[in-house]
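The data block below is protein-v5.json; it holds JSON, C-alpha atoms.
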[["chain", "number", "residue", "atom", "x", "y", "z"],
["A", 1, "MET", "CA", -99.26, 376.94, 164.49],
["A", 2, "ALA", "CA", -97.60, 375.68, 167.67],
["A", 3, "ARG", "CA", -96.02, 372.79, 165.82],
["A", 4, "SER", "CA", -94.50, 375.00, 163.11],
["A", 5, "SER", "CA", -93.19, 377.46, 165.73],
["A", 6, "SER", "CA", -91.51, 374.72, 167.71],
["A", 7, "GLY", "CA", -90.04, 373.31, 164.50],
["A", 8, "ILE", "CA", -88.61, 376.70, 163.62],
["A", 9, "VAL", "CA", -87.15, 377.13, 167.11],
["A", 10, "ALA", "CA", -85.63, 373.64, 166.98],
["A", 11, "GLY", "CA", -84.14, 374.37, 163.56],
["A", 12, "LEU", "CA", -82.67, 377.69, 164.68],
["A", 13, "THR", "CA", -81.25, 376.06, 167.82],
["A", 14, "ALA", "CA", -79.62, 373.31, 165.78],
["A", 15, "ALA", "CA", -78.16, 375.87, 163.36],
["A", 16, "ALA", "CA", -76.81, 377.98, 166.26],
["A", 17, "LEU", "CA", -75.21, 374.92, 167.88],
["A", 18, "ALA", "CA", -73.65, 373.93, 164.57],
["A", 19, "MET", "CA", -72.23, 377.45, 164.13],
["A", 20, "VAL", "CA", -70.81, 377.46, 167.69],
["A", 21, "GLY", "CA", -69.22, 374.07, 167.05],
["A", 22, "PHE", "CA", -67.72, 375.29, 163.78],
["A", 23, "LEU", "CA", -66.31, 378.46, 165.40],
["A", 24, "ALA", "CA", -64.86, 376.40, 168.27],
["A", 25, "TYR", "CA", -63.19, 374.11, 165.74],
["A", 26, "GLN", "CA", -61.69, 377.10, 163.87],
["A", 27, "ALA", "CA", -60.41, 378.61, 167.13],
["A", 28, "SER", "CA", -58.77, 375.37, 168.21],
["A", 29, "ALA", "CA", -57.13, 374.92, 164.80],
["A", 30, "THR", "CA", -55.44, 378.33, 165.01],
["A", 31, "ALA", "CA", -54.60, 378.28, 168.74],
["A", 32, "PRO", "CA", -50.94, 377.85, 169.68],
["A", 33, "ALA", "CA", -49.89, 374.47, 171.03],
["A", 34, "ARG", "CA", -50.20, 374.10, 174.78],
["A", 35, "PRO", "CA", -46.97, 373.63, 176.71],
["A", 36, "ALA", "CA", -46.29, 370.28, 178.36],
["A", 37, "ALA", "CA", -47.32, 369.91, 181.98],
["A", 38, "GLY", "CA", -44.99, 371.92, 184.19],
["A", 39, "ALA", "CA", -43.60, 373.99, 181.28],
["A", 40, "LYS", "CA", -44.01, 377.76, 181.27],
["A", 41, "ALA", "CA", -46.24, 379.18, 178.57],
["A", 42, "GLU", "CA", -45.00, 382.04, 176.40],
["A", 43, "PRO", "CA", -47.09, 385.20, 176.88],
["A", 44, "SER", "CA", -49.24, 385.93, 173.85],
["A", 45, "PRO", "CA", -49.31, 389.40, 172.30],
["A", 46, "ALA", "CA", -52.10, 391.72, 173.43],
["A", 47, "ALA", "CA", -55.19, 391.87, 171.26],
["A", 48, "GLY", "CA", -54.60, 393.98, 168.19],
["A", 49, "GLN", "CA", -50.83, 394.00, 168.71],
["A", 50, "ALA", "CA", -48.75, 392.61, 165.85],
["A", 51, "GLN", "CA", -46.44, 389.75, 166.69],
["A", 52, "GLN", "CA", -42.78, 390.69, 166.08],
["A", 53, "PRO", "CA", -40.35, 388.31, 164.36],
["A", 54, "ALA", "CA", -38.10, 386.40, 166.69],
["A", 55, "ALA", "CA", -34.78, 388.04, 167.54],
["A", 56, "PRO", "CA", -31.63, 386.12, 166.76],
["A", 57, "GLN", "CA", -30.80, 383.66, 169.48],
["A", 58, "GLY", "CA", -27.80, 384.57, 171.58],
["A", 59, "PRO", "CA", -27.04, 382.99, 174.94],
["A", 60, "ALA", "CA", -30.12, 382.40, 177.11],
["A", 61, "LYS", "CA", -28.82, 385.02, 179.51],
["A", 62, "PRO", "CA", -26.49, 387.61, 177.98],
["A", 63, "GLY", "CA", -22.97, 387.35, 179.24],
["A", 64, "PRO", "CA", -21.31, 390.33, 180.87],
["A", 65, "LEU", "CA", -19.73, 393.10, 178.86],
["A", 66, "PRO", "CA", -16.51, 391.62, 177.39],
["A", 67, "ALA", "CA", -13.53, 392.57, 179.57],
["A", 68, "ASP", "CA", -11.36, 393.46, 176.56],
["A", 69, "SER", "CA", -13.86, 395.97, 175.17],
["A", 70, "GLY", "CA", -12.14, 399.23, 176.11],
["A", 71, "THR", "CA", -13.37, 402.09, 178.26],
["A", 72, "GLY", "CA", -15.63, 405.11, 178.00],
["A", 73, "THR", "CA", -18.67, 405.65, 175.83],
["A", 74, "ARG", "CA", -18.70, 403.03, 173.09],
["A", 75, "VAL", "CA", -20.59, 400.42, 171.10],
["A", 76, "VAL", "CA", -19.25, 396.93, 171.78],
["A", 77, "TYR", "CA", -19.90, 394.26, 169.14],
["A", 78, "SER", "CA", -19.05, 390.66, 170.01],
["A", 79, "VAL", "CA", -18.90, 388.64, 166.80],
["A", 80, "GLY", "CA", -18.89, 385.31, 168.70],
["A", 81, "GLN", "CA", -21.82, 386.16, 170.96],
["A", 82, "LYS", "CA", -23.80, 387.87, 168.16],
["A", 83, "ARG", "CA", -24.45, 390.66, 170.64],
["A", 84, "VAL", "CA", -24.06, 394.43, 171.00],
["A", 85, "TRP", "CA", -23.70, 396.58, 174.11],
["A", 86, "LEU", "CA", -24.31, 400.34, 174.13],
["A", 87, "VAL", "CA", -21.99, 401.54, 176.90],
["A", 88, "GLY", "CA", -22.49, 405.04, 178.32],
["A", 89, "GLU", "CA", -20.46, 407.19, 180.64],
["A", 90, "PRO", "CA", -19.06, 405.67, 183.86],
["A", 91, "GLY", "CA", -21.60, 405.78, 186.67],
["A", 92, "LYS", "CA", -24.57, 405.50, 184.26],
["A", 93, "PRO", "CA", -27.02, 402.60, 184.45],
["A", 94, "GLU", "CA", -26.05, 399.24, 183.03],
["A", 95, "PRO", "CA", -25.37, 399.23, 179.27],
["A", 96, "ARG", "CA", -28.20, 398.25, 176.94],
["A", 97, "THR", "CA", -27.48, 394.92, 175.27],
["A", 98, "PHE", "CA", -29.26, 393.01, 172.51],
["A", 99, "ALA", "CA", -28.75, 390.16, 170.07],
["A", 100, "VAL", "CA", -27.91, 390.89, 166.43],
["A", 101, "MET", "CA", -27.76, 388.92, 163.19],
["A", 102, "PRO", "CA", -24.20, 389.16, 161.83],
["A", 103, "SER", "CA", -23.46, 389.88, 158.19],
["A", 104, "THR", "CA", -21.48, 387.55, 155.96],
["A", 105, "VAL", "CA", -18.46, 389.89, 156.06],
["A", 106, "GLN", "CA", -17.13, 390.61, 159.55],
["A", 107, "PRO", "CA", -14.78, 393.39, 160.64],
["A", 108, "LYS", "CA", -11.55, 392.36, 162.33],
["A", 109, "ALA", "CA", -11.31, 392.75, 166.09],
["A", 110, "GLY", "CA", -10.29, 396.30, 166.94],
["A", 111, "THR", "CA", -11.49, 399.83, 167.61],
["A", 112, "TYR", "CA", -13.33, 401.84, 164.97],
["A", 113, "MET", "CA", -15.29, 405.09, 164.81],
["A", 114, "VAL", "CA", -18.76, 405.63, 163.35],
["A", 115, "ASN", "CA", -17.93, 407.28, 160.02],
["A", 116, "SER", "CA", -21.33, 407.66, 158.32],
["A", 117, "ARG", "CA", -25.03, 407.26, 158.97],
["A", 118, "SER", "CA", -28.17, 407.03, 156.82],
["A", 119, "GLY", "CA", -31.77, 407.23, 157.94],
["A", 120, "ALA", "CA", -33.06, 404.82, 155.28],
["A", 121, "VAL", "CA", -31.39, 403.07, 152.33],
["A", 122, "THR", "CA", -31.40, 399.79, 150.45],
["A", 123, "GLY", "CA", -28.95, 397.38, 152.07],
["A", 124, "SER", "CA", -26.19, 395.53, 150.23],
["A", 125, "ASP", "CA", -28.58, 392.53, 150.17],
["A", 126, "GLY", "CA", -31.25, 394.55, 148.33],
["A", 127, "VAL", "CA", -33.52, 394.92, 151.40],
["A", 128, "PRO", "CA", -34.86, 398.31, 152.59],
["A", 129, "VAL", "CA", -33.21, 399.19, 155.94],
["A", 130, "GLU", "CA", -33.24, 402.09, 158.37],
["A", 131, "HIS", "CA", -30.94, 403.63, 160.97],
["A", 132, "VAL", "CA", -27.73, 402.61, 159.25],
["A", 133, "VAL", "CA", -24.62, 403.23, 161.37],
["A", 134, "ARG", "CA", -21.43, 402.47, 159.39],
["A", 135, "PHE", "CA", -18.05, 402.01, 161.06],
["A", 136, "ALA", "CA", -15.72, 399.75, 159.05],
["A", 137, "THR", "CA", -14.76, 398.30, 155.67],
["A", 138, "SER", "CA", -13.69, 394.67, 155.33],
["A", 139, "ASP", "CA", -12.89, 392.81, 152.09],
["A", 140, "GLY", "CA", -14.09, 395.88, 150.18],
["A", 141, "VAL", "CA", -17.51, 395.71, 151.89],
["A", 142, "VAL", "CA", -18.83, 398.52, 154.12],
["A", 143, "VAL", "CA", -19.85, 397.17, 157.53],
["A", 144, "GLY", "CA", -22.47, 398.72, 159.79],
["A", 145, "PHE", "CA", -25.52, 398.22, 161.95],
["A", 146, "SER", "CA", -29.07, 398.49, 160.58],
["A", 147, "ALA", "CA", -32.65, 397.32, 160.97],
["A", 148, "ARG", "CA", -34.82, 395.92, 158.18],
["A", 149, "LEU", "CA", -38.00, 397.93, 157.60],
["A", 150, "ASP", "CA", -40.03, 394.70, 157.66],
["A", 151, "GLY", "CA", -38.56, 393.82, 161.08],
["A", 152, "ALA", "CA", -37.33, 390.39, 159.93],
["A", 153, "LEU", "CA", -33.97, 388.99, 161.05],
["A", 154, "PRO", "CA", -33.18, 386.11, 158.68],
["A", 155, "GLU", "CA", -29.74, 384.56, 158.31],
["A", 156, "PRO", "CA", -27.89, 386.34, 155.48],
["A", 157, "ASP", "CA", -27.34, 384.52, 152.20],
["A", 158, "PRO", "CA", -23.85, 382.97, 152.62],
["A", 159, "LYS", "CA", -23.23, 383.36, 148.87],
["A", 160, "LYS", "CA", -23.46, 387.18, 149.09],
["A", 161, "LYS", "CA", -20.85, 389.52, 150.56],
["A", 162, "THR", "CA", -22.90, 391.76, 152.84],
["A", 163, "GLY", "CA", -21.91, 394.07, 155.67],
["A", 164, "GLY", "CA", -25.24, 394.75, 157.37],
["A", 165, "ILE", "CA", -25.28, 393.64, 161.02],
["A", 166, "ARG", "CA", -29.04, 393.48, 161.58],
["A", 167, "MET", "CA", -31.08, 394.11, 164.70],
["A", 168, "SER", "CA", -34.72, 394.61, 165.63],
["A", 169, "ARG", "CA", -36.28, 397.96, 164.78],
["A", 170, "ALA", "CA", -36.46, 398.93, 168.48],
["A", 171, "ASP", "CA", -32.77, 398.12, 168.93],
["A", 172, "GLY", "CA", -32.05, 399.99, 165.69],
["A", 173, "ASP", "CA", -33.74, 403.06, 167.17],
["A", 174, "ALA", "CA", -31.53, 402.79, 170.28],
["A", 175, "MET", "CA", -28.40, 402.36, 168.14],
["A", 176, "TRP", "CA", -29.34, 405.37, 165.99],
["A", 177, "ASN", "CA", -29.82, 407.60, 169.04],
["A", 178, "PHE", "CA", -26.60, 406.40, 170.69],
["A", 179, "ALA", "CA", -24.04, 405.95, 167.89],
["A", 180, "THR", "CA", -23.51, 409.36, 166.32],
["A", 181, "ILE", "CA", -20.55, 410.26, 164.07],
["A", 182, "ASN", "CA", -17.20, 409.55, 165.79],
["A", 183, "THR", "CA", -18.71, 407.26, 168.44],
["A", 184, "LYS", "CA", -16.24, 404.50, 169.26],
["A", 185, "VAL", "CA", -17.12, 400.96, 168.12],
["A", 186, "VAL", "CA", -15.11, 398.13, 169.65],
["A", 187, "VAL", "CA", -15.26, 394.77, 167.86],
["A", 188, "VAL", "CA", -14.28, 391.72, 169.91],
["A", 189, "PRO", "CA", -14.15, 388.05, 168.85]]
Exercise: express the given structure as structure tokens:
Amino acid sequence: MARSSSGIVAGLTAAALAMVGFLAYQASATAPARPAAGAKAEPSPAAGQAQQPAAPQGPAKPGPLPADSGTGTRVVYSVGQKRVWLVGEPGKPEPRTFAVMPSTVQPKAGTYMVNSRSGAVTGSDGVPVEHVVRFATSDGVVVGFSARLDGALPEPDPKKKTGGIRMSRADGDAMWNFATINTKVVVVP
């Protein structure tokens, strides 16, 4: 009986080691690449937290609020920097700024007013969006800020005339709360 017991234990041990090896292989195959020596690693999302799509890439460090962007409470949209600033009253904390994905149709530089808003609609590209803040029309296309419900920020199809300037859902929430009807929107190059 001792021989059969030790054979069973040896078999179970071998099976357990094989399973541990297999699980280690699976973990290493799905692990992100390690940064080169001396490079900083990107923080990974907390367990159970969904990874958000990457935001559009603007400058590594956002530039200052454009000097020619007016005064007072306003939304500033820099077409060239692909960036928005939500500017509050004088004396308030620094304006919130974030990168955006421009639409294929851009408004001309100038000052506009928010003229309509929608909580959720289908965008001109056929994608469900939320927190739509419209402020201009260019080439017969309505232009405004919005966030895709799926959180994605792909480049727009250059063959389509679209006016949706897209941002992350969190930035869309901030825009929605800030840019009510008749809020000034200043577009700079």
Atom CA of Met113 of chain A and atom CA of Ala136 of chain A are how many Å apart? 7.9 Å
Find, counting only C-alpha atoms, the residue in A:Pro95, A:Gly110, A:Pro156, A:Gly63 that gets nearest to Lys184 of chain A. A:Gly110
Excluding same-chain residues fewer than 4 positions from Val186 of chain A, what lies within 8 Å of it counting only C-alpha atoms, as an MDAnalysis selection string? chainID A and resid 69:70 74:77 109:112
Keeping C-alpha atoms, export the residues of the selection given above as a PDB file, in the frame of the given file.
ATOM      1  CA  SER A  69     -13.860 395.970 175.170  1.00  0.00           C
ATOM      2  CA  GLY A  70     -12.140 399.230 176.110  1.00  0.00           C
ATOM      3  CA  ARG A  74     -18.700 403.030 173.090  1.00  0.00           C
ATOM      4  CA  VAL A  75     -20.590 400.420 171.100  1.00  0.00           C
ATOM      5  CA  VAL A  76     -19.250 396.930 171.780  1.00  0.00           C
ATOM      6  CA  TYR A  77     -19.900 394.260 169.140  1.00  0.00           C
ATOM      7  CA  ALA A 109     -11.310 392.750 166.090  1.00  0.00           C
ATOM      8  CA  GLY A 110     -10.290 396.300 166.940  1.00  0.00           C
ATOM      9  CA  THR A 111     -11.490 399.830 167.610  1.00  0.00           C
ATOM     10  CA  TYR A 112     -13.330 401.840 164.970  1.00  0.00           C
TER      11      TYR A 112
END
Any idea what the distance is between atom CA of Val114 of chain A and atom CA of Asn182 of chain A? 4.9 Å
Using all atoms listed in the file for the distances, tell me which of A:Ala147, A:Glu94, A:Met101, A:Leu153 is nearest to Ala174 of chain A.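 Under the stated criterion, the closest residue is A:Ala147.
Across the model, the gap from atom CA of Gly72 of chain A to atom CA of Phe145 of chain A is 20.1 Å.
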Each side padded by 3 Å, which centre and which edge lengths in Å (one decimal) define the axis-aligned box around the listed atoms of segment 73-78 of chain A? Give them as AutoDock Vina command-line options.
--center_x -19.6 --center_y 398.2 --center_z 172.5 --size_x 7.9 --size_y 21.0 --size_z 12.7
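Neighbouring residues of Asp139 of chain A at 10 Å or closer, counting only C-alpha atoms and skipping chain neighbours under 6 positions away, are Val105, Gln106, Pro107, Lys161 and Gly163 of chain A.
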